[in-house]
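*Asks:* As input, take upload_27.csv (CSV, C-alpha atoms and all ligand atoms):
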chain,number,residue,atom,x,y,z
A,1,MET,CA,-44.3,-72.7,-8.4
A,2,ARG,CA,-42.0,-71.0,-10.8
A,3,VAL,CA,-38.3,-70.6,-9.8
A,4,ASP,CA,-35.6,-68.6,-11.6
A,5,VAL,CA,-32.0,-68.9,-10.5
A,6,VAL,CA,-29.4,-66.4,-11.8
A,7,THR,CA,-25.8,-67.6,-11.4
A,8,VAL,CA,-22.4,-67.5,-13.1
A,9,PHE,CA,-22.2,-71.3,-12.5
A,10,PRO,CA,-25.4,-72.8,-14.0
A,11,GLN,CA,-23.8,-76.3,-13.7
A,12,TYR,CA,-23.7,-76.0,-10.0
A,13,LEU,CA,-27.5,-76.3,-10.0
A,14,ALA,CA,-27.4,-79.6,-11.9
A,15,PRO,CA,-28.7,-81.6,-8.8
A,16,LEU,CA,-32.1,-79.9,-9.4
A,17,GLU,CA,-32.6,-82.6,-12.0
A,18,LEU,CA,-32.4,-85.4,-9.4
A,19,SER,CA,-34.6,-87.1,-6.9
A,20,LEU,CA,-37.7,-85.6,-5.5
A,21,ILE,CA,-37.1,-82.1,-6.9
A,22,GLY,CA,-36.5,-83.6,-10.4
A,23,ARG,CA,-39.7,-85.6,-10.0
A,24,ALA,CA,-41.7,-82.5,-9.0
A,25,ARG,CA,-40.4,-80.7,-12.1
A,26,GLN,CA,-41.3,-83.6,-14.3
A,27,ARG,CA,-44.8,-83.6,-12.8
A,28,GLY,CA,-45.2,-79.9,-13.5
A,29,ILE,CA,-45.5,-78.9,-9.8
A,30,LEU,CA,-42.2,-77.0,-10.0
A,31,ASP,CA,-41.0,-75.0,-13.0
A,32,VAL,CA,-37.3,-74.2,-12.5
A,33,ALA,CA,-35.1,-72.2,-14.9
A,34,VAL,CA,-31.4,-71.7,-14.3
A,35,HIS,CA,-29.9,-68.6,-16.1
A,36,ASP,CA,-26.3,-67.7,-16.8
A,37,LEU,CA,-25.7,-64.1,-15.6
A,38,ARG,CA,-23.1,-63.7,-18.4
A,39,ASP,CA,-25.9,-63.9,-20.9
A,40,TRP,CA,-26.7,-60.3,-19.8
A,41,THR,CA,-23.2,-59.0,-20.4
A,42,HIS,CA,-22.2,-57.2,-23.7
A,43,ASP,CA,-18.3,-57.1,-23.7
A,44,VAL,CA,-16.2,-59.8,-25.3
A,45,HIS,CA,-14.9,-61.0,-21.9
A,46,ARG,CA,-18.5,-61.3,-20.5
A,47,THR,CA,-17.3,-59.4,-17.4
A,48,VAL,CA,-19.5,-59.7,-14.3
A,49,ASP,CA,-17.1,-58.4,-11.6
A,50,ASP,CA,-14.8,-55.4,-10.8
A,51,SER,CA,-12.6,-54.1,-7.9
A,52,PRO,CA,-14.3,-52.8,-4.8
A,53,ALA,CA,-15.1,-49.1,-4.5
A,54,GLY,CA,-13.0,-47.7,-1.7
A,55,GLY,CA,-10.4,-50.4,-2.2
A,56,GLY,CA,-9.9,-53.8,-0.5
A,57,ALA,CA,-9.4,-57.4,-1.4
A,58,GLY,CA,-11.4,-59.5,-3.8
A,59,MET,CA,-13.9,-58.6,-6.5
A,60,ILE,CA,-17.5,-57.3,-6.4
A,61,MET,CA,-20.2,-58.2,-8.9
A,62,ARG,CA,-21.0,-55.2,-11.2
A,63,PRO,CA,-24.7,-54.1,-11.2
A,64,GLU,CA,-25.4,-53.8,-15.0
A,65,PRO,CA,-25.9,-57.6,-15.8
A,66,TRP,CA,-28.0,-58.1,-12.7
A,67,GLY,CA,-30.3,-55.2,-13.7
A,68,GLU,CA,-30.8,-56.6,-17.1
A,69,ALA,CA,-31.4,-60.1,-15.7
A,70,PHE,CA,-34.1,-58.8,-13.4
A,71,ASP,CA,-35.7,-56.7,-16.2
A,72,ALA,CA,-35.9,-60.0,-18.3
A,73,LEU,CA,-37.2,-62.3,-15.5
A,74,ALA,CA,-39.4,-60.1,-13.3
A,75,ASP,CA,-42.8,-59.1,-14.6
A,76,PRO,CA,-43.4,-55.6,-13.0
A,77,ALA,CA,-47.2,-56.3,-12.8
A,78,ASN,CA,-46.6,-59.6,-11.0
A,79,PRO,CA,-43.1,-59.6,-9.5
A,80,PRO,CA,-41.3,-62.6,-8.0
A,81,ARG,CA,-40.0,-62.7,-4.4
A,82,LEU,CA,-36.2,-62.2,-4.7
A,83,LEU,CA,-33.9,-64.2,-2.5
A,84,VAL,CA,-30.3,-63.2,-2.3
A,85,PRO,CA,-28.1,-65.8,-0.4
A,86,SER,CA,-25.5,-64.1,1.7
A,87,PRO,CA,-23.7,-64.8,5.0
A,88,ALA,CA,-25.0,-61.3,5.9
A,89,GLY,CA,-28.6,-62.3,5.4
A,90,VAL,CA,-31.4,-63.1,7.9
A,91,PRO,CA,-31.2,-66.8,9.1
A,92,PHE,CA,-33.0,-69.3,6.9
A,93,ARG,CA,-35.4,-71.3,9.1
A,94,GLN,CA,-38.3,-73.8,8.7
A,95,ALA,CA,-40.7,-70.9,9.2
A,96,MET,CA,-39.3,-69.1,6.1
A,97,ALA,CA,-39.4,-72.4,4.1
A,98,VAL,CA,-43.1,-72.6,5.0
A,99,GLU,CA,-43.6,-69.0,3.9
A,100,LEU,CA,-41.7,-69.5,0.6
A,101,ALA,CA,-43.6,-72.7,-0.2
A,102,ALA,CA,-46.8,-70.6,-0.6
A,103,GLU,CA,-45.2,-68.2,-3.2
A,104,PRO,CA,-46.1,-68.5,-6.9
A,105,HIS,CA,-42.7,-67.2,-8.1
A,106,LEU,CA,-39.2,-67.1,-6.5
A,107,MET,CA,-36.1,-65.6,-8.0
A,108,PHE,CA,-32.6,-66.3,-6.6
A,109,ALA,CA,-29.6,-64.1,-7.3
A,110,CYS,CA,-26.4,-66.0,-6.6
A,111,GLY,CA,-23.5,-63.8,-5.7
A,112,ARG,CA,-19.9,-65.0,-6.0
A,113,TYR,CA,-16.6,-63.3,-5.1
A,114,GLU,CA,-17.0,-60.8,-2.3
A,115,GLY,CA,-20.7,-60.1,-3.1
A,116,ILE,CA,-23.0,-58.1,-5.3
A,117,ASP,CA,-23.0,-54.3,-5.6
A,118,GLN,CA,-25.5,-53.2,-3.0
A,119,ARG,CA,-27.4,-51.0,-5.5
A,120,VAL,CA,-28.6,-54.2,-7.2
A,121,ILE,CA,-30.4,-55.2,-4.0
A,122,ASP,CA,-31.7,-51.7,-3.3
A,123,HIS,CA,-33.0,-51.2,-6.8
A,124,ALA,CA,-34.7,-54.6,-6.8
A,125,ALA,CA,-36.3,-53.8,-3.5
A,126,ALA,CA,-38.1,-50.9,-5.1
A,127,HIS,CA,-39.8,-53.3,-7.5
A,128,MET,CA,-40.3,-56.6,-5.6
A,129,PRO,CA,-40.0,-58.1,-2.1
A,130,VAL,CA,-36.3,-58.9,-1.4
A,131,THR,CA,-34.8,-61.1,1.3
A,132,GLU,CA,-31.1,-61.5,1.9
A,133,VAL,CA,-30.9,-64.9,3.5
A,134,SER,CA,-28.1,-66.8,5.3
A,135,LEU,CA,-27.8,-70.6,5.9
A,136,GLY,CA,-25.8,-70.1,9.1
A,137,ASP,CA,-22.7,-68.5,10.5
A,138,TYR,CA,-20.0,-69.7,8.1
A,139,VAL,CA,-18.9,-68.5,4.7
A,140,LEU,CA,-19.5,-70.3,1.4
A,141,PHE,CA,-17.9,-69.5,-2.0
A,142,GLY,CA,-21.2,-68.4,-3.4
A,143,GLY,CA,-25.0,-68.7,-3.1
A,144,GLU,CA,-25.5,-71.7,-5.4
A,145,VAL,CA,-25.3,-74.4,-2.7
A,146,ALA,CA,-27.6,-72.2,-0.5
A,147,VAL,CA,-30.2,-72.2,-3.4
A,148,LEU,CA,-30.1,-76.0,-3.4
A,149,VAL,CA,-30.6,-76.1,0.3
A,150,ILE,CA,-33.4,-73.6,0.3
A,151,LEU,CA,-35.2,-75.2,-2.7
A,152,GLU,CA,-35.0,-78.6,-1.1
A,153,ALA,CA,-36.5,-77.3,2.2
A,154,VAL,CA,-39.2,-75.4,0.2
A,155,THR,CA,-40.1,-78.0,-2.4
A,156,ARG,CA,-40.9,-80.8,0.1
A,157,LEU,CA,-43.5,-78.5,1.7
A,158,ILE,CA,-45.4,-78.0,-1.6
A,159,PRO,CA,-48.6,-80.2,-1.6
A,160,GLY,CA,-48.2,-83.3,-3.7
A,161,VAL,CA,-44.4,-83.4,-3.7
A,162,LEU,CA,-43.8,-85.6,-0.7
A,163,GLY,CA,-45.2,-89.1,-1.1
A,164,ASN,CA,-46.2,-89.4,2.6
A,165,ALA,CA,-48.1,-86.3,3.8
A,166,GLN,CA,-48.1,-87.8,7.3
A,167,SER,CA,-44.3,-87.1,7.7
A,168,LEU,CA,-45.1,-83.3,7.3
A,169,ASP,CA,-47.8,-83.7,9.9
A,170,ASP,CA,-45.5,-85.4,12.4
A,171,GLU,CA,-43.0,-82.7,11.8
A,172,SER,CA,-45.3,-79.8,12.7
A,173,HIS,CA,-46.7,-81.9,15.6
A,174,ASN,CA,-43.1,-81.9,17.0
A,175,ALA,CA,-42.6,-78.2,16.2
A,176,GLY,CA,-39.6,-76.6,17.8
A,177,LEU,CA,-38.1,-79.9,19.0
A,178,LEU,CA,-35.4,-82.2,17.5
A,179,GLU,CA,-36.7,-85.5,16.1
A,180,SER,CA,-36.3,-88.6,18.3
A,181,PRO,CA,-34.0,-91.4,17.1
A,182,SER,CA,-35.4,-93.9,14.6
A,183,TYR,CA,-34.9,-97.6,14.1
A,184,THR,CA,-35.8,-100.4,11.6
A,185,LYS,CA,-35.2,-104.1,11.4
A,186,PRO,CA,-33.4,-106.3,12.5
A,187,ALA,CA,-34.4,-106.2,16.1
A,188,VAL,CA,-30.8,-106.9,17.1
A,189,TRP,CA,-27.8,-105.7,15.0
A,190,ARG,CA,-24.2,-106.3,16.1
A,191,GLY,CA,-25.5,-106.8,19.6
A,192,ARG,CA,-27.4,-103.5,19.6
A,193,GLU,CA,-31.2,-103.8,20.3
A,194,VAL,CA,-34.0,-101.6,19.0
A,195,PRO,CA,-35.5,-100.0,22.1
A,196,GLU,CA,-38.0,-102.5,23.5
A,197,VAL,CA,-40.9,-100.0,23.7
A,198,LEU,CA,-40.8,-99.6,19.9
A,199,LEU,CA,-41.5,-103.3,19.5
A,200,SER,CA,-44.3,-103.4,22.2
A,201,GLY,CA,-47.2,-102.4,19.9
A,202,HIS,CA,-48.3,-100.0,22.6
A,203,HIS,CA,-49.0,-96.8,20.7
A,204,ALA,CA,-49.5,-94.5,23.6
A,205,ARG,CA,-46.2,-95.6,25.2
A,206,ILE,CA,-44.4,-95.4,21.9
A,207,GLU,CA,-45.6,-91.8,21.5
A,208,ARG,CA,-44.6,-90.9,25.0
A,209,TRP,CA,-41.1,-92.4,24.5
A,210,ARG,CA,-40.6,-90.5,21.2
A,211,ARG,CA,-41.7,-87.3,22.9
A,212,ASP,CA,-39.3,-87.8,25.8
A,213,GLN,CA,-36.4,-88.6,23.4
A,214,SER,CA,-37.2,-85.4,21.5
A,215,LEU,CA,-37.2,-83.4,24.7
A,216,LEU,CA,-34.0,-84.9,26.0
A,217,ARG,CA,-32.1,-84.5,22.7
A,218,THR,CA,-33.3,-80.9,22.4
A,219,ALA,CA,-32.2,-80.1,26.0
A,220,ARG,CA,-28.8,-81.6,25.4
A,221,ARG,CA,-28.0,-80.4,21.9
A,222,ARG,CA,-30.1,-77.3,21.4
A,223,PRO,CA,-31.0,-75.9,24.8
A,224,GLU,CA,-31.8,-72.5,23.3
A,225,LEU,CA,-34.6,-74.1,21.3
A,226,LEU,CA,-36.3,-75.4,24.5
A,227,ALA,CA,-35.9,-72.0,26.1
A,228,GLY,CA,-37.5,-70.3,23.1
A,229,LEU,CA,-40.7,-72.5,23.0
A,230,PRO,CA,-44.1,-70.8,23.6
A,231,PRO,CA,-45.3,-71.2,27.2
A,232,ASP,CA,-48.0,-73.7,26.2
A,233,ALA,CA,-45.7,-75.9,24.1
A,234,LEU,CA,-44.9,-78.3,27.0
A,235,ASP,CA,-47.6,-80.1,29.1
A,236,ALA,CA,-47.2,-81.6,32.6
A,237,ALA,CA,-46.0,-84.9,31.3
A,238,ASP,CA,-43.3,-83.1,29.2
A,239,ARG,CA,-42.2,-81.2,32.2
A,240,ALA,CA,-41.8,-84.4,34.2
A,241,THR,CA,-39.2,-85.6,31.6
B,301,LIG,CL1,-26.7,-68.1,1.9
B,301,LIG,N1,-24.3,-67.6,1.0
B,301,LIG,C1,-23.0,-67.5,1.1
B,301,LIG,N2,-22.3,-67.1,0.1
B,301,LIG,N3,-22.3,-67.9,2.2
B,301,LIG,C2,-23.1,-68.3,3.2
B,301,LIG,C3,-24.5,-68.4,3.2
B,301,LIG,C4,-25.1,-68.0,2.0
B,301,LIG,N4,-25.0,-68.8,4.4
B,301,LIG,C5,-23.9,-69.1,5.1
B,301,LIG,N5,-22.8,-68.7,4.4
Could you quickly redo this structure as structure tokens?
Ligand code: 6GU
*Replies:*
Amino acid sequence: MRVDVVTVFPQYLAPLELSLIGRARQRGILDVAVHDLRDWTHDVHRTVDDSPAGGGAGMIMRPEPWGEAFDALADPANPPRLLVPSPAGVPFRQAMAVELAAEPHLMFACGRYEGIDQRVIDHAAAHMPVTEVSLGDYVLFGGEVAVLVILEAVTRLIPGVLGNAQSLDDESHNAGLLESPSYTKPAVWRGREVPEVLLSGHHARIERWRRDQSLLRTARRRPELLAGLPPDALDAADRAT
């Protein structure tokens, strides 16, 4: 997968060198390029923003550098999918991560200040698929951290990135529910015991216990997730919990 990120703070994306994303890049599974939006300005001050049309506080990103960046990075015959992080976007969820993991080319446009001139998004949408995407109902300074989050969620779904493919399998098996708590050694730590069933070696009982913990956690912490499950998601044993 190829990924282009356009930002006025390329250093913000430095963590993409690290850990599993960095390893995926080294192994050629992921080809990430981070671009400085100011490289597409032409004035001595390398201006990317201006005051809002109609007045108001803050600054808006001018359209011209964005237009040139997209011209340089998007092949019209084979355009990328453009993602624009914004608190006004559609919620980013695991289902979107799954969808993005199958794309050959993603491009991210990181807005700063009070946002990007809307014509940038409208113009891009005439040439490529565009999704304005939000991490949740809170406001960040800009889209850079959102790109890190989205790329981490997407990269781990690309075949060959995760060492243990079984963990992805377990995840989808538990679709729509929160994970059960997990434990390791020692069996007793500061007087607290690992739940006995997990040490029993009884795999059917262990699976039942994990499933029950998932259901209870989800009911307590995210009742709206339980309510939104498809009708066949819970069997009789689940309902007994
Ligand atoms: Cl994706 N971007 C920004 N700037 N703020 C956010 C966000 C994204 N998601 C939540 N808040």
*Asks:* Ligand LIG 301 (chain B): which residues are within 9 Å, counting only C-alpha atoms and all ligand atoms? Reply as a CSV table (one decimal) with C-alpha atoms, in the coordinates of the input.
*Replies:*
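Saved the output as result03.csv:
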chain,number,residue,atom,x,y,z
A,84,VAL,CA,-30.3,-63.2,-2.3
A,85,PRO,CA,-28.1,-65.8,-0.4
A,86,SER,CA,-25.5,-64.1,1.7
A,87,PRO,CA,-23.7,-64.8,5.0
A,88,ALA,CA,-25.0,-61.3,5.9
A,89,GLY,CA,-28.6,-62.3,5.4
A,91,PRO,CA,-31.2,-66.8,9.1
A,92,PHE,CA,-33.0,-69.3,6.9
A,110,CYS,CA,-26.4,-66.0,-6.6
A,111,GLY,CA,-23.5,-63.8,-5.7
A,112,ARG,CA,-19.9,-65.0,-6.0
A,113,TYR,CA,-16.6,-63.3,-5.1
A,114,GLU,CA,-17.0,-60.8,-2.3
A,115,GLY,CA,-20.7,-60.1,-3.1
A,132,GLU,CA,-31.1,-61.5,1.9
A,133,VAL,CA,-30.9,-64.9,3.5
A,134,SER,CA,-28.1,-66.8,5.3
A,135,LEU,CA,-27.8,-70.6,5.9
A,136,GLY,CA,-25.8,-70.1,9.1
A,137,ASP,CA,-22.7,-68.5,10.5
A,138,TYR,CA,-20.0,-69.7,8.1
A,139,VAL,CA,-18.9,-68.5,4.7
A,140,LEU,CA,-19.5,-70.3,1.4
A,141,PHE,CA,-17.9,-69.5,-2.0
A,142,GLY,CA,-21.2,-68.4,-3.4
A,143,GLY,CA,-25.0,-68.7,-3.1
A,144,GLU,CA,-25.5,-71.7,-5.4
A,145,VAL,CA,-25.3,-74.4,-2.7
A,146,ALA,CA,-27.6,-72.2,-0.5
A,147,VAL,CA,-30.2,-72.2,-3.4
A,150,ILE,CA,-33.4,-73.6,0.3
*Asks:* Check the smallest atom-to-atom distance from each of A:Gln94, A:Glu68, A:Leu198, A:Ser167 to Lys185 in chain A using all atoms listed in the file, then report the winner.
*Replies:*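 For Lys185 in chain A, the nearest of the candidates is A:Leu198.
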*Asks:* Write out as a list of chain:residue names each polymer residue whose atoms come within 7 Å of Thr7 in chain A, counting all atoms listed in the file; drop sequence neighbours fewer than 6 positions from it.
*Replies:*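 In the requested form, the answer reads A:His35, A:Asp36, A:Leu37, A:Ala109, A:Cys110.
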*Asks:* Which residue, A:Arg38, A:Arg46, A:Arg156, A:Arg119, has the smallest gap to Gly22 in chain A when you use only C-alpha atoms?
*Replies:* A:Arg156
*Asks:* Which residue is closest to Asp4 in chain A? Choose from A:Asp31, A:Glu207, A:Asp43, A:Asp49 and count all atoms listed in the file.
*Replies:*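 Distance minimum relative to Asp4 in chain A lands on A:Asp31.
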*Asks:* Suppose you want the space between CA of Arg217 in chain A and CA of Gly176 in chain A; what is it in Å?
*Replies:*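 Between CA of Arg217 in chain A and CA of Gly176 in chain A the gap works out to 11.9 Å.
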*Asks:* Within 10 Å of (-42.4, -79.8, 17.7) in the file's own coordinates, which protein, DNA or RNA residues have an atom, counting all atoms listed in the file? List them as an mmCIF file with C-alpha atoms, keeping the file's coordinate frame.
*Replies:*
data_model
loop_
_atom_site.group_PDB
_atom_site.id
_atom_site.type_symbol
_atom_site.label_atom_id
_atom_site.label_comp_id
_atom_site.auth_asym_id
_atom_site.auth_seq_id
_atom_site.Cartn_x
_atom_site.Cartn_y
_atom_site.Cartn_z
ATOM 1 C CA ASP A 170 -45.500 -85.400 12.400
ATOM 2 C CA GLU A 171 -43.000 -82.700 11.800
ATOM 3 C CA SER A 172 -45.300 -79.800 12.700
ATOM 4 C CA HIS A 173 -46.700 -81.900 15.600
ATOM 5 C CA ASN A 174 -43.100 -81.900 17.000
ATOM 6 C CA ALA A 175 -42.600 -78.200 16.200
ATOM 7 C CA GLY A 176 -39.600 -76.600 17.800
ATOM 8 C CA LEU A 177 -38.100 -79.900 19.000
ATOM 9 C CA LEU A 178 -35.400 -82.200 17.500
ATOM 10 C CA GLU A 179 -36.700 -85.500 16.100
ATOM 11 C CA ARG A 211 -41.700 -87.300 22.900
ATOM 12 C CA SER A 214 -37.200 -85.400 21.500
ATOM 13 C CA LEU A 215 -37.200 -83.400 24.700
ATOM 14 C CA LEU A 229 -40.700 -72.500 23.000
ATOM 15 C CA ALA A 233 -45.700 -75.900 24.100
ATOM 16 C CA LEU A 234 -44.900 -78.300 27.000
#
*Asks:* So which residues touch Pro65 in chain A within 10 Å, counting only C-alpha atoms, skipping near sequence neighbours fewer than 4 positions away, as a PyMOL selection string?
*Replies:* chain A and resi 37-42+46-49+61+69-71+120
*Asks:* Might you pull out every residue within 10 Å of Asp212 in chain A, with all atoms listed in the file counted and same-chain residues fewer than 6 positions away left off, and present them as a list of chain:residue names?
*Replies:*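 Result of the neighbour search: A:Ser180, A:Ile206, A:Thr218, A:Ala237, A:Asp238, A:Arg239, A:Ala240, A:Thr241.
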*Asks:* Could you state the separation of CA of Arg81 in chain A and CA of Ala33 in chain A in Å, given to one decimal place?
*Replies:*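 Result for CA of Arg81 in chain A versus CA of Ala33 in chain A: 15.0 Å, one decimal.
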*Asks:* Grab the CA of Ser19 in chain A to CA of Leu83 in chain A distance for me, in Å with one decimal place.
*Replies:*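 For CA of Ser19 in chain A relative to CA of Leu83 in chain A, the distance reads 23.3 Å.
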*Asks:* Could you list, as JSON, numbers by chain, every residue within 12 Å of Met1 in chain A, counting only C-alpha atoms and ignoring same-chain residues fewer than 4 positions away?
*Replies:* {"A": [21, 24, 25, 27, 28, 29, 30, 31, 32, 33, 80, 81, 100, 101, 102, 103, 104, 105, 106, 107, 151, 154, 155, 157, 158, 159, 161]}
*Asks:* Looking at only C-alpha atoms, which of A:Ala236, A:Ile116, A:Ala77, A:Pro230 is the one that sits closest to Gly58 in chain A?
*Replies:*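 Checking each candidate against Gly58 in chain A, we get A:Ile116 as the closest.
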*Asks:* Given all atoms listed in the file as the basis, pick out the residue of A:Val194, A:Ala153, A:Ala57, A:Val5 nearest to Val98 in chain A.
*Replies:*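 Nearest candidate to Val98 in chain A out of A:Val194, A:Ala153, A:Ala57, A:Val5: A:Ala153.
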